[in-house]
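*Asks:* Input upload00.csv, format and content: CSV, C-alpha atoms.
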chain,number,residue,atom,x,y,z
A,1,MET,CA,0.0,0.0,0.0
A,2,SER,CA,2.7,2.5,0.9
A,3,GLU,CA,4.6,1.8,-2.3
A,4,GLN,CA,1.4,2.4,-4.2
A,5,GLU,CA,1.2,5.7,-2.4
A,6,LYS,CA,4.6,6.7,-3.5
A,7,GLU,CA,3.7,5.9,-7.1
A,8,LEU,CA,0.7,8.0,-6.8
A,9,GLY,CA,2.8,10.9,-5.5
A,10,MET,CA,1.4,10.9,-2.0
A,11,PRO,CA,3.6,12.8,0.5
A,12,ALA,CA,6.2,10.3,1.8
A,13,ARG,CA,6.0,11.6,5.4
A,14,ALA,CA,2.5,10.4,5.7
A,15,GLY,CA,3.9,6.9,5.6
A,16,ARG,CA,0.5,5.3,6.5
A,17,PRO,CA,-2.2,4.2,4.0
A,18,ALA,CA,-4.8,6.8,3.1
A,19,TRP,CA,-7.7,4.8,4.5
A,20,GLN,CA,-6.2,5.3,7.9
A,21,ALA,CA,-6.6,9.0,7.6
A,22,VAL,CA,-10.2,8.6,6.5
A,23,LEU,CA,-10.8,6.2,9.3
A,24,SER,CA,-9.3,8.6,11.9
A,25,LEU,CA,-11.4,11.4,10.6
A,26,ALA,CA,-14.5,9.3,10.7
A,27,ALA,CA,-13.7,8.2,14.2
A,28,PHE,CA,-13.5,11.8,15.3
A,29,ALA,CA,-16.7,12.7,13.6
A,30,ALA,CA,-18.4,9.9,15.5
A,31,LEU,CA,-16.7,11.0,18.8
A,32,VAL,CA,-17.8,14.6,18.5
A,33,GLY,CA,-21.3,13.5,17.3
A,34,LEU,CA,-21.5,11.7,20.6
A,35,VAL,CA,-20.5,14.8,22.5
A,36,VAL,CA,-23.1,16.9,20.8
A,37,GLY,CA,-25.7,14.2,21.3
A,38,VAL,CA,-25.1,14.0,25.0
A,39,ALA,CA,-25.2,17.8,25.3
A,40,TRP,CA,-28.5,17.9,23.3
A,41,ASP,CA,-30.1,15.2,25.3
A,42,ALA,CA,-29.1,16.8,28.6
A,43,THR,CA,-30.4,20.2,27.7
A,44,ARG,CA,-33.4,19.4,25.5
A,45,GLU,CA,-36.1,19.5,28.2
A,46,ARG,CA,-34.9,22.7,29.8
A,47,ILE,CA,-34.6,24.4,26.5
A,48,ALA,CA,-38.1,23.5,25.5
A,49,ASP,CA,-39.3,24.7,28.9
A,50,ASN,CA,-37.4,28.0,28.5
A,51,GLU,CA,-38.9,28.6,25.1
A,52,ALA,CA,-42.4,28.0,26.2
A,53,ARG,CA,-41.9,30.3,29.2
A,54,ARG,CA,-40.5,33.0,26.9
A,55,VAL,CA,-43.5,32.7,24.6
A,56,LEU,CA,-45.8,33.0,27.5
A,57,ALA,CA,-43.9,36.0,28.9
A,58,GLU,CA,-43.9,37.7,25.4
A,59,LEU,CA,-47.6,37.1,25.1
A,60,SER,CA,-48.5,38.3,28.6
A,61,ALA,CA,-46.8,41.6,27.7
A,62,VAL,CA,-49.6,42.3,25.2
A,63,LEU,CA,-52.4,40.1,26.6
A,64,PRO,CA,-53.8,40.8,30.0
A,65,PRO,CA,-54.0,37.4,31.8
A,66,ALA,CA,-57.4,38.4,33.3
A,67,LEU,CA,-58.9,38.2,29.8
A,68,TYR,CA,-58.4,34.5,29.2
A,69,ASP,CA,-58.5,31.1,30.9
A,70,ASN,CA,-56.8,28.9,28.3
A,71,GLU,CA,-53.1,28.5,27.7
A,72,PRO,CA,-52.6,30.8,24.7
A,73,HIS,CA,-48.9,29.8,24.3
A,74,ARG,CA,-50.1,26.3,23.5
A,75,ASP,CA,-53.1,27.4,21.5
A,76,MET,CA,-51.1,28.4,18.4
A,77,ILE,CA,-51.7,28.1,14.7
A,78,LEU,CA,-49.6,28.9,11.7
A,79,VAL,CA,-51.2,31.0,9.1
A,80,SER,CA,-49.7,32.0,5.7
A,81,TRP,CA,-49.9,35.6,4.7
A,82,PRO,CA,-50.0,36.3,1.0
A,83,GLY,CA,-46.6,36.1,-0.5
A,84,ASP,CA,-45.0,35.3,2.8
A,85,GLU,CA,-43.8,32.5,5.0
A,86,GLN,CA,-46.0,31.2,7.8
A,87,ARG,CA,-46.7,33.3,10.8
A,88,GLN,CA,-47.7,32.3,14.3
A,89,VAL,CA,-51.0,33.3,15.8
A,90,TRP,CA,-51.9,32.6,19.4
A,91,ARG,CA,-55.5,32.5,20.5
A,92,ALA,CA,-56.9,33.5,23.9
A,93,ARG,CA,-60.2,32.1,25.0
A,94,ARG,CA,-62.5,32.4,28.0
A,95,ASP,CA,-65.0,29.6,28.7
A,96,GLY,CA,-64.1,28.3,25.3
A,97,ARG,CA,-65.2,31.5,23.5
A,98,PRO,CA,-62.6,33.5,21.5
A,99,VAL,CA,-61.6,36.8,23.2
A,100,ALA,CA,-58.4,37.9,21.5
A,101,ALA,CA,-55.6,36.8,19.3
A,102,VAL,CA,-51.9,37.6,19.2
A,103,LEU,CA,-50.5,37.9,15.7
A,104,THR,CA,-46.9,38.0,14.6
A,105,SER,CA,-46.3,40.8,12.1
A,106,LEU,CA,-43.0,41.4,10.3
A,107,ALA,CA,-41.8,44.8,9.3
A,108,PRO,CA,-39.2,44.2,6.6
A,109,ASP,CA,-38.7,47.9,5.9
A,110,GLY,CA,-37.2,49.1,9.2
A,111,TYR,CA,-33.9,51.0,9.2
A,112,SER,CA,-31.8,47.9,9.8
A,113,GLY,CA,-33.1,44.4,9.2
A,114,GLN,CA,-36.5,42.9,10.0
A,115,ILE,CA,-38.6,43.9,13.0
A,116,ARG,CA,-40.8,41.2,14.4
A,117,LEU,CA,-43.9,42.5,16.2
A,118,LEU,CA,-46.5,40.9,18.4
A,119,VAL,CA,-49.9,42.5,17.9
A,120,ALA,CA,-52.7,41.5,20.3
A,121,VAL,CA,-56.2,42.2,19.0
A,122,THR,CA,-59.6,41.6,20.6
A,123,THR,CA,-62.3,39.9,18.6
A,124,ASP,CA,-63.9,43.3,17.9
A,125,GLY,CA,-60.7,44.5,16.4
A,126,THR,CA,-59.4,46.7,19.2
A,127,ILE,CA,-55.6,46.6,19.8
A,128,LEU,CA,-54.7,45.4,23.3
A,129,GLY,CA,-51.0,46.1,22.8
A,130,VAL,CA,-48.1,45.9,20.5
A,131,ARG,CA,-44.6,44.7,21.4
A,132,VAL,CA,-41.4,44.4,19.5
A,133,ALA,CA,-40.2,40.8,19.8
A,134,THR,CA,-36.9,41.1,17.9
A,135,HIS,CA,-35.3,44.0,16.0
A,136,SER,CA,-31.8,45.2,15.1
A,137,GLU,CA,-32.5,49.0,14.9
A,138,THR,CA,-29.8,51.5,15.9
A,139,PRO,CA,-29.1,51.5,19.7
A,140,GLY,CA,-30.0,54.9,21.1
A,141,ILE,CA,-32.2,55.9,18.2
A,142,GLY,CA,-34.5,53.3,16.6
A,143,ASP,CA,-34.5,51.1,19.7
A,144,ALA,CA,-37.0,53.5,21.2
A,145,ILE,CA,-39.6,51.0,19.9
A,146,GLU,CA,-38.7,48.9,23.0
A,147,PRO,CA,-41.0,49.8,25.9
A,148,ARG,CA,-38.0,50.0,28.3
A,149,LYS,CA,-36.5,52.7,26.2
A,150,SER,CA,-39.6,54.8,25.4
A,151,PRO,CA,-43.3,54.6,26.0
A,152,TRP,CA,-44.0,55.1,22.2
A,153,ILE,CA,-45.1,51.5,21.5
A,154,GLY,CA,-47.8,51.9,24.1
A,155,ASN,CA,-49.6,54.4,21.8
A,156,PHE,CA,-51.2,51.6,19.9
A,157,ALA,CA,-53.2,50.2,22.8
A,158,GLY,CA,-56.9,50.9,22.4
A,159,ARG,CA,-56.7,51.8,18.8
A,160,SER,CA,-58.4,50.0,16.0
A,161,LEU,CA,-59.0,50.4,12.2
A,162,THR,CA,-61.6,53.1,13.1
A,163,ASP,CA,-59.3,55.0,15.5
A,164,PRO,CA,-57.7,56.6,13.5
A,165,PRO,CA,-59.7,55.7,10.4
A,166,GLU,CA,-57.9,53.2,8.1
A,167,ALA,CA,-56.8,55.8,5.6
A,168,ARG,CA,-55.1,57.8,8.3
A,169,TRP,CA,-53.2,54.9,9.9
A,170,ARG,CA,-49.8,56.4,9.1
A,171,LEU,CA,-47.4,58.9,10.5
A,172,ARG,CA,-48.3,62.6,10.7
A,173,LYS,CA,-45.6,63.5,8.2
A,174,ASP,CA,-47.1,61.0,5.8
A,175,GLY,CA,-50.6,62.5,6.1
A,176,GLY,CA,-51.8,60.3,8.9
A,177,ASP,CA,-52.7,60.7,12.6
A,178,LEU,CA,-49.9,58.8,14.4
A,179,ASP,CA,-46.7,60.2,16.0
A,180,ALA,CA,-43.3,59.1,15.0
A,181,ILE,CA,-40.3,58.6,17.3
A,182,SER,CA,-38.2,61.7,16.8
A,183,GLY,CA,-35.1,60.8,14.8
A,184,ALA,CA,-36.4,57.4,13.9
A,185,THR,CA,-39.0,58.1,11.2
A,186,ILE,CA,-38.2,55.0,9.1
A,187,THR,CA,-38.4,52.7,12.1
A,188,SER,CA,-41.7,54.2,13.2
A,189,ARG,CA,-43.2,54.1,9.7
A,190,ALA,CA,-42.3,50.4,9.5
A,191,VAL,CA,-43.8,49.5,12.9
A,192,VAL,CA,-47.0,51.5,12.1
A,193,ALA,CA,-47.5,49.8,8.8
A,194,ALA,CA,-46.8,46.3,10.2
A,195,THR,CA,-49.3,46.9,13.0
A,196,ARG,CA,-51.9,48.1,10.5
A,197,ARG,CA,-51.3,45.0,8.3
A,198,ALA,CA,-51.8,42.7,11.3
A,199,VAL,CA,-55.1,44.3,12.3
A,200,GLN,CA,-56.3,44.2,8.7
A,201,TYR,CA,-55.3,40.6,8.4
A,202,PHE,CA,-57.2,39.8,11.6
A,203,ARG,CA,-60.3,41.6,10.4
A,204,GLN,CA,-60.4,39.5,7.2
A,205,HIS,CA,-59.6,36.2,8.7
A,206,ARG,CA,-60.9,36.3,12.2
A,207,ASP,CA,-63.3,33.4,12.0
A,208,GLU,CA,-60.9,31.1,10.3
A,209,ILE,CA,-58.2,32.0,12.9
A,210,PHE,CA,-60.4,30.9,15.8
A,211,ALA,CA,-61.9,27.9,14.1
A,212,ALA,CA,-58.6,26.2,13.0
A,213,PRO,CA,-57.3,23.4,15.2
A,214,ALA,CA,-54.2,24.2,17.2
A,215,SER,CA,-50.9,23.4,15.6
A,216,GLY,CA,-49.0,20.5,16.9
A,217,ALA,CA,-45.9,22.6,16.7
A,218,ALA,CA,-47.1,24.7,19.6
A,219,ASN,CA,-45.0,22.9,22.2
A,220,LYS,CA,-41.8,22.7,20.1
A,221,PRO,CA,-39.1,25.2,20.5
A,222,ARG,CA,-39.0,27.8,17.7
A,223,ASP,CA,-35.8,28.3,15.8
B,1,MET,CA,5.2,14.8,20.4
B,2,THR,CA,8.2,15.1,22.7
B,3,ALA,CA,7.8,14.8,26.4
B,4,GLN,CA,8.0,18.3,27.8
B,5,THR,CA,10.2,19.0,30.7
B,6,SER,CA,7.7,19.3,33.4
B,7,THR,CA,8.9,21.8,36.0
B,8,SER,CA,6.3,23.9,37.9
B,9,ARG,CA,8.0,27.0,36.4
B,10,ASN,CA,7.1,25.8,33.0
B,11,TYR,CA,3.5,25.2,34.0
B,12,ARG,CA,3.2,28.7,35.4
B,13,GLU,CA,4.7,30.1,32.2
B,14,THR,CA,2.3,28.1,30.1
B,15,PHE,CA,-0.6,29.4,32.1
B,16,SER,CA,0.4,33.1,32.5
B,17,SER,CA,1.6,33.7,28.9
B,18,GLY,CA,-2.0,33.6,27.7
B,19,ILE,CA,-3.0,36.2,30.2
B,20,TRP,CA,-0.3,38.8,29.6
B,21,SER,CA,2.6,38.3,27.2
B,22,ARG,CA,0.7,36.4,24.6
B,23,ASN,CA,-2.9,37.6,25.5
B,24,PRO,CA,-5.1,36.7,22.5
B,25,GLY,CA,-7.1,39.9,22.7
B,26,ILE,CA,-4.5,42.6,23.2
B,27,ALA,CA,-1.2,41.0,22.2
B,28,GLN,CA,-2.0,38.6,19.4
B,29,LEU,CA,-5.1,40.6,18.3
B,30,LEU,CA,-7.0,37.4,17.5
B,31,GLY,CA,-10.8,37.0,17.7
B,32,LEU,CA,-11.6,40.7,17.3
B,33,CYS,CA,-15.0,40.1,15.7
B,34,PRO,CA,-16.7,38.7,18.9
B,35,LEU,CA,-14.5,40.9,21.0
B,36,LEU,CA,-15.8,44.1,19.6
B,37,ALA,CA,-19.4,43.0,19.0
B,38,VAL,CA,-20.1,41.5,22.4
B,39,SER,CA,-18.1,43.7,24.7
B,40,ARG,CA,-20.9,46.3,24.8
B,41,THR,CA,-21.7,45.7,28.5
B,42,LEU,CA,-19.9,44.0,31.4
B,43,LEU,CA,-22.4,41.2,31.5
B,44,THR,CA,-22.3,40.2,27.8
B,45,GLY,CA,-18.5,40.5,27.7
B,46,LEU,CA,-18.2,38.3,30.8
B,47,ALA,CA,-20.7,35.7,29.4
B,48,LEU,CA,-19.0,35.4,26.0
B,49,GLY,CA,-15.7,35.2,27.8
B,50,ILE,CA,-16.9,32.3,29.9
B,51,ALA,CA,-18.3,30.6,26.8
B,52,THR,CA,-15.0,31.0,25.0
B,53,LEU,CA,-13.1,29.8,28.1
B,54,LEU,CA,-15.2,26.6,28.3
B,55,VAL,CA,-14.7,25.8,24.6
B,56,ILE,CA,-11.0,26.5,24.6
B,57,CYS,CA,-10.3,24.3,27.7
B,58,ALA,CA,-12.5,21.4,26.5
B,59,THR,CA,-11.0,21.6,23.0
B,60,ASN,CA,-7.4,21.7,24.3
B,61,VAL,CA,-8.0,18.7,26.7
B,62,LEU,CA,-9.7,16.5,24.0
B,63,VAL,CA,-7.1,17.4,21.4
B,64,SER,CA,-4.3,16.7,23.7
B,65,ALA,CA,-5.8,13.4,24.9
B,66,THR,CA,-6.3,12.2,21.4
B,67,ARG,CA,-3.2,13.7,19.8
B,68,ARG,CA,-1.6,10.3,19.1
B,69,TRP,CA,-4.6,9.1,17.1
B,70,ILE,CA,-5.1,12.1,14.9
B,71,ASP,CA,-3.6,11.4,11.6
B,72,PRO,CA,-1.5,14.4,10.7
B,73,ARG,CA,-3.1,14.5,7.2
B,74,VAL,CA,-6.5,15.2,8.7
B,75,ARG,CA,-5.5,17.0,11.8
B,76,LEU,CA,-7.0,20.4,10.8
B,77,PRO,CA,-10.4,19.1,9.8
B,78,ALA,CA,-10.4,16.9,13.0
B,79,LEU,CA,-9.7,20.0,15.1
B,80,VAL,CA,-12.4,22.0,13.4
B,81,LEU,CA,-14.8,19.1,14.1
B,82,ILE,CA,-13.9,19.1,17.8
B,83,ILE,CA,-14.2,22.8,18.2
B,84,ALA,CA,-17.5,22.9,16.4
B,85,ALA,CA,-18.9,20.2,18.7
B,86,PHE,CA,-17.9,22.0,21.8
B,87,VAL,CA,-19.2,25.3,20.6
B,88,THR,CA,-22.6,23.6,19.8
B,89,SER,CA,-22.6,22.0,23.2
B,90,VAL,CA,-21.8,25.3,25.0
B,91,ASP,CA,-24.5,27.0,22.9
B,92,LEU,CA,-27.1,24.4,24.1
B,93,LEU,CA,-25.8,24.8,27.7
B,94,PHE,CA,-26.3,28.5,27.6
B,95,LYS,CA,-29.8,28.1,26.1
B,96,ALA,CA,-30.7,25.7,28.9
B,97,TRP,CA,-29.3,27.4,31.9
B,98,TRP,CA,-28.7,31.1,31.1
B,99,PHE,CA,-31.7,31.7,28.8
B,100,GLU,CA,-32.1,35.4,29.5
B,101,LEU,CA,-28.4,36.0,28.8
B,102,TYR,CA,-28.7,33.8,25.7
B,103,GLY,CA,-31.2,36.3,24.3
B,104,GLU,CA,-28.4,38.9,24.3
B,105,ILE,CA,-25.4,37.0,23.3
B,106,GLY,CA,-26.9,34.0,21.6
B,107,LEU,CA,-26.0,35.3,18.2
B,108,PHE,CA,-22.3,35.4,19.0
B,109,ILE,CA,-21.9,32.0,20.6
B,110,PRO,CA,-21.8,30.0,17.3
B,111,LEU,CA,-19.3,32.6,16.1
B,112,ILE,CA,-16.8,31.3,18.7
B,113,VAL,CA,-16.1,28.5,16.2
B,114,THR,CA,-14.4,31.1,14.0
B,115,ASN,CA,-12.4,32.5,16.8
B,116,CYS,CA,-8.8,31.7,15.7
B,117,VAL,CA,-7.5,31.8,19.2
B,118,ILE,CA,-9.1,28.4,19.8
B,119,LEU,CA,-7.8,26.8,16.6
B,120,SER,CA,-4.4,28.2,17.1
B,121,ARG,CA,-4.1,26.9,20.6
B,122,ALA,CA,-5.3,23.5,19.6
B,123,GLU,CA,-3.0,23.3,16.6
B,124,ALA,CA,0.1,25.0,18.0
B,125,PHE,CA,0.0,23.7,21.6
B,126,ALA,CA,-2.5,21.1,22.5
B,127,SER,CA,-1.8,18.7,19.6
B,128,ARG,CA,1.9,18.6,20.7
B,129,ASN,CA,1.7,18.6,24.5
B,130,PRO,CA,0.4,16.3,27.3
B,131,LEU,CA,-2.9,16.8,29.1
B,132,LEU,CA,-1.9,19.0,32.0
B,133,PRO,CA,0.0,21.7,30.1
B,134,ALA,CA,-2.7,21.7,27.4
B,135,LEU,CA,-5.3,22.4,30.0
B,136,LEU,CA,-3.2,25.1,31.6
B,137,ASP,CA,-2.6,26.7,28.2
B,138,GLY,CA,-6.3,26.7,27.5
B,139,LEU,CA,-7.1,28.1,30.9
B,140,GLY,CA,-4.5,30.8,30.5
B,141,HIS,CA,-5.6,31.9,27.0
B,142,GLY,CA,-9.3,31.6,27.9
B,143,ILE,CA,-8.9,33.7,31.0
B,144,GLY,CA,-6.8,36.2,29.1
B,145,PHE,CA,-9.5,36.6,26.5
B,146,LEU,CA,-12.2,36.7,29.2
B,147,LEU,CA,-10.4,39.5,31.1
B,148,VAL,CA,-10.0,41.6,28.0
B,149,LEU,CA,-13.7,41.1,27.1
B,150,THR,CA,-14.8,41.9,30.7
B,151,VAL,CA,-12.6,45.0,31.0
B,152,LEU,CA,-13.7,46.3,27.5
B,153,GLY,CA,-17.4,45.6,28.4
B,154,ALA,CA,-17.1,47.4,31.7
B,155,VAL,CA,-15.3,50.5,30.2
B,156,ARG,CA,-17.8,50.7,27.3
B,157,GLU,CA,-20.8,50.3,29.5
B,158,LEU,CA,-19.5,52.9,31.9
B,159,VAL,CA,-18.6,55.4,29.2
B,160,GLY,CA,-21.5,54.4,26.9
B,161,ASN,CA,-24.2,55.5,29.3
B,162,GLY,CA,-23.2,59.1,28.7
B,163,LEU,CA,-21.6,58.8,25.4
B,164,LEU,CA,-23.4,56.9,22.6
B,165,ILE,CA,-20.3,56.2,20.5
B,166,ALA,CA,-18.7,54.0,23.1
B,167,SER,CA,-21.4,51.4,22.7
B,168,LEU,CA,-21.2,51.4,18.9
B,169,PRO,CA,-18.4,49.4,17.1
B,170,PRO,CA,-16.1,52.4,16.7
B,171,GLY,CA,-16.2,52.8,20.5
B,172,GLY,CA,-15.0,49.2,20.8
B,173,PHE,CA,-12.0,50.0,18.6
B,174,PHE,CA,-11.1,53.0,20.7
B,175,ALA,CA,-11.5,51.1,24.0
B,176,LEU,CA,-9.4,48.2,22.7
B,177,ALA,CA,-6.8,50.7,21.4
B,178,GLY,CA,-6.6,52.1,24.9
B,179,LEU,CA,-6.1,48.7,26.4
B,180,ILE,CA,-3.3,47.9,23.9
B,181,ALA,CA,-1.6,51.2,24.6
B,182,LEU,CA,-1.8,50.6,28.3
B,183,ARG,CA,-0.2,47.2,27.8
B,184,ASN,CA,2.6,48.6,25.6
B,185,PHE,CA,3.2,51.3,28.1
B,186,CYS,CA,3.7,48.8,30.9
B,187,LEU,CA,6.0,46.6,28.7
B,188,THR,CA,8.2,49.6,27.8
B,189,ARG,CA,8.5,50.6,31.5
B,190,GLU,CA,9.4,47.0,32.3
B,191,ALA,CA,12.1,47.0,29.6
B,192,ALA,CA,13.5,50.3,30.8
B,193,ALA,CA,13.7,49.3,34.4
Would you mind writing the structure in this file as structure tokens?
*Replies:*
Amino acid sequence: MSEQEKELGMPARAGRPAWQAVLSLAAFAALVGLVVGVAWDATRERIADNEARRVLAELSAVLPPALYDNEPHRDMILVSWPGDEQRQVWRARRDGRPVAAVLTSLAPDGYSGQIRLLVAVTTDGTILGVRVATHSETPGIGDAIEPRKSPWIGNFAGRSLTDPPEARWRLRKDGGDLDAISGATITSRAVVAATRRAVQYFRQHRDEIFAAPASGAANKPRD
Amino acid sequence: MTAQTSTSRNYRETFSSGIWSRNPGIAQLLGLCPLLAVSRTLLTGLALGIATLLVICATNVLVSATRRWIDPRVRLPALVLIIAAFVTSVDLLFKAWWFELYGEIGLFIPLIVTNCVILSRAEAFASRNPLLPALLDGLGHGIGFLLVLTVLGAVRELVGNGLLIASLPPGGFFALAGLIALRNFCLTREAAA
């Protein structure tokens, strides 16, 4: 075998047949696979727990717990918005009757990357609250959409598509009725539009949203 | 794979070189990407420092323990495999036990795999040395990196509360430059004395 290698122009210092190198690498792949497997198995339950608790915490920021008696973080469905990937919708019920839904809305047109919003709407179309779930807006400027930085995001609570009227659901400087965060017009515009889209979607699809059976993916961690 | 002379002075040197004379952050300038991105606050700096420390120690130990079985022709891919496995495990560990923290630094934990400090220690030291020195080397370099991250994070958090630029990437460069200058100043004074 080693003479063959020399003929083939293999480096002489290797000395050992090529299959040994392959075998050694395969053995390492198996070894590290085992390491990752053990780590995954040891952390799997806690991670799923953490994810569920985070979803619940996120939801309770927009959804007053007094409103519902089900487990909204497990009562989740995936809906597809036109021309878009699937979005999560959580449903809050009381005595089995729908009271509110929390919709995920994406604002692709922020100042920097995608902004993911949670919009809670009651069955009559009134906004309970809006929260930014993830964003990468500029620290110190666009991050005023976070409630701990500025109360701005709280302005949506209590509004609906009649307050202000649908045509005026935009920033004042765009001819609407809503205030922008000073210095962060692009960010504010994106959040306002994404919130409006979520409420409009809810108005169109309300009955299907509450009728659909809960998705089995509700208990799985999200990636 | 020669047996190293194992005096305690050697061990101490192996350990302390990573912290001061060959500190990955301020002497070798390795791993700057996570260094600048995550050192925005004391807490995130410390957390990524701990994650890096765990990975570098585990990698050094495993590489050293298996150094006789790694075929030299596939050593580099094998090292990358080992590092990737430990980074994935640490990522899972943080997700399970420091979930709130994970929300802030989670993005950067997978990036540890590209931190050349770890590959360079595994390749240059651990794959040629016995277990104990390899562990000490990992501890030294890991702690050295952790210290730089923590100090940078503390400085940027302190200054950044009043001065926005300190928490943005340019502020990271300035703070790092300050640390390097301080180290150079100390070294010149040592040499002069």
*Asks:* Provide the CA of Leu131 (chain B) to CA of Val55 (chain B) distance in Å, to one decimal place.
*Replies:* 15.5 Å
*Asks:* Neighbours of Ile26 (chain B) within 8 Å (all atoms listed in the file; same-chain residues fewer than 4 positions away dropped), as a PyMOL selection string?
*Replies:* chain B and resi 148+176+179-180+183
*Asks:* Could you save the residues just selected, with C-alpha atoms, as a PDB file, in the coordinates of the input?
*Replies:*
ATOM      1  CA  VAL B 148     -10.000  41.600  28.000  1.00  0.00           C
ATOM      2  CA  LEU B 176      -9.400  48.200  22.700  1.00  0.00           C
ATOM      3  CA  LEU B 179      -6.100  48.700  26.400  1.00  0.00           C
ATOM      4  CA  ILE B 180      -3.300  47.900  23.900  1.00  0.00           C
ATOM      5  CA  ARG B 183      -0.200  47.200  27.800  1.00  0.00           C
TER       6      ARG B 183
END
*Asks:* With only C-alpha atoms as the atoms that count, which of A:Arg93, A:Arg168, A:Arg131, A:Arg16 lies nearest to Asn155 (chain A)?
*Replies:*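 Among A:Arg93, A:Arg168, A:Arg131, A:Arg16, it is A:Arg131 that comes nearest to Asn155 (chain A).
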*Asks:* Need to verify the contact set: Trp69 (chain B), 10 Å, all atoms listed in the file, exclusion of same-chain residues closer than 3 positions in sequence. Can you return it as a list in words?
*Replies:* Ala21, Ser24, Leu25, Ala27 and Phe28 of chain A; Val63, Ala65, Thr66, Pro72 and Arg75 of chain B
*Asks:* Give me, please, the distance in Å between CA of Leu117 (chain A) and CA of Lys95 (chain B), quoted to one decimal.
*Replies:*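 It comes out at 22.5 Å.
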*Asks:* For chain A, report every residue with an atom at most 6 Å from chain B (counting all atoms listed in the file), formatted as number ranges by chain.
*Replies:* A: 21, 32, 36, 39, 43, 46-47
*Asks:* Nearest to Ser182 (chain A) among A:Trp169, A:Ser215, A:Ala144, A:Arg196, with distances taken over all atoms listed in the file: which residue is it?
*Replies:* A:Ala144
*Asks:* Figure out the distance between CA of Val35 (chain A) and CA of Phe145 (chain B), please, to one decimal in Å.
*Replies:*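 Rounded to one decimal, the two atoms are 24.7 Å apart.
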*Asks:* List as a VMD selection string the residues having at least one atom at most 12 Å from position (-45.6, 54.7, 22.7) as given in the file, counting all atoms listed in the file.
*Replies:* chain A and resid 129 to 132 144 to 158 178 to 182 188 191 to 192
*Asks:* Excluding region 73-84 of chain A and residues on its chain fewer than 3 positions from it, collect all residues at most 12 Å away from it, counting all atoms listed in the file, and give them as a JSON list (two decimals) with C-alpha atoms, in the coordinates of the input.
*Replies:*
[["chain", "number", "residue", "atom", "x", "y", "z"],
["A", 49, "ASP", "CA", -39.30, 24.70, 28.90],
["A", 51, "GLU", "CA", -38.90, 28.60, 25.10],
["A", 52, "ALA", "CA", -42.40, 28.00, 26.20],
["A", 53, "ARG", "CA", -41.90, 30.30, 29.20],
["A", 54, "ARG", "CA", -40.50, 33.00, 26.90],
["A", 55, "VAL", "CA", -43.50, 32.70, 24.60],
["A", 56, "LEU", "CA", -45.80, 33.00, 27.50],
["A", 57, "ALA", "CA", -43.90, 36.00, 28.90],
["A", 58, "GLU", "CA", -43.90, 37.70, 25.40],
["A", 59, "LEU", "CA", -47.60, 37.10, 25.10],
["A", 60, "SER", "CA", -48.50, 38.30, 28.60],
["A", 63, "LEU", "CA", -52.40, 40.10, 26.60],
["A", 65, "PRO", "CA", -54.00, 37.40, 31.80],
["A", 68, "TYR", "CA", -58.40, 34.50, 29.20],
["A", 69, "ASP", "CA", -58.50, 31.10, 30.90],
["A", 70, "ASN", "CA", -56.80, 28.90, 28.30],
["A", 87, "ARG", "CA", -46.70, 33.30, 10.80],
["A", 88, "GLN", "CA", -47.70, 32.30, 14.30],
["A", 89, "VAL", "CA", -51.00, 33.30, 15.80],
["A", 90, "TRP", "CA", -51.90, 32.60, 19.40],
["A", 91, "ARG", "CA", -55.50, 32.50, 20.50],
["A", 92, "ALA", "CA", -56.90, 33.50, 23.90],
["A", 93, "ARG", "CA", -60.20, 32.10, 25.00],
["A", 96, "GLY", "CA", -64.10, 28.30, 25.30],
["A", 98, "PRO", "CA", -62.60, 33.50, 21.50],
["A", 100, "ALA", "CA", -58.40, 37.90, 21.50],
["A", 101, "ALA", "CA", -55.60, 36.80, 19.30],
["A", 102, "VAL", "CA", -51.90, 37.60, 19.20],
["A", 103, "LEU", "CA", -50.50, 37.90, 15.70],
["A", 104, "THR", "CA", -46.90, 38.00, 14.60],
["A", 105, "SER", "CA", -46.30, 40.80, 12.10],
["A", 106, "LEU", "CA", -43.00, 41.40, 10.30],
["A", 107, "ALA", "CA", -41.80, 44.80, 9.30],
["A", 108, "PRO", "CA", -39.20, 44.20, 6.60],
["A", 197, "ARG", "CA", -51.30, 45.00, 8.30],
["A", 198, "ALA", "CA", -51.80, 42.70, 11.30],
["A", 200, "GLN", "CA", -56.30, 44.20, 8.70],
["A", 201, "TYR", "CA", -55.30, 40.60, 8.40],
["A", 202, "PHE", "CA", -57.20, 39.80, 11.60],
["A", 204, "GLN", "CA", -60.40, 39.50, 7.20],
["A", 205, "HIS", "CA", -59.60, 36.20, 8.70],
["A", 206, "ARG", "CA", -60.90, 36.30, 12.20],
["A", 208, "GLU", "CA", -60.90, 31.10, 10.30],
["A", 209, "ILE", "CA", -58.20, 32.00, 12.90],
["A", 210, "PHE", "CA", -60.40, 30.90, 15.80],
["A", 211, "ALA", "CA", -61.90, 27.90, 14.10],
["A", 212, "ALA", "CA", -58.60, 26.20, 13.00],
["A", 213, "PRO", "CA", -57.30, 23.40, 15.20],
["A", 214, "ALA", "CA", -54.20, 24.20, 17.20],
["A", 215, "SER", "CA", -50.90, 23.40, 15.60],
["A", 216, "GLY", "CA", -49.00, 20.50, 16.90],
["A", 217, "ALA", "CA", -45.90, 22.60, 16.70],
["A", 218, "ALA", "CA", -47.10, 24.70, 19.60],
["A", 219, "ASN", "CA", -45.00, 22.90, 22.20],
["A", 220, "LYS", "CA", -41.80, 22.70, 20.10],
["A", 221, "PRO", "CA", -39.10, 25.20, 20.50]]
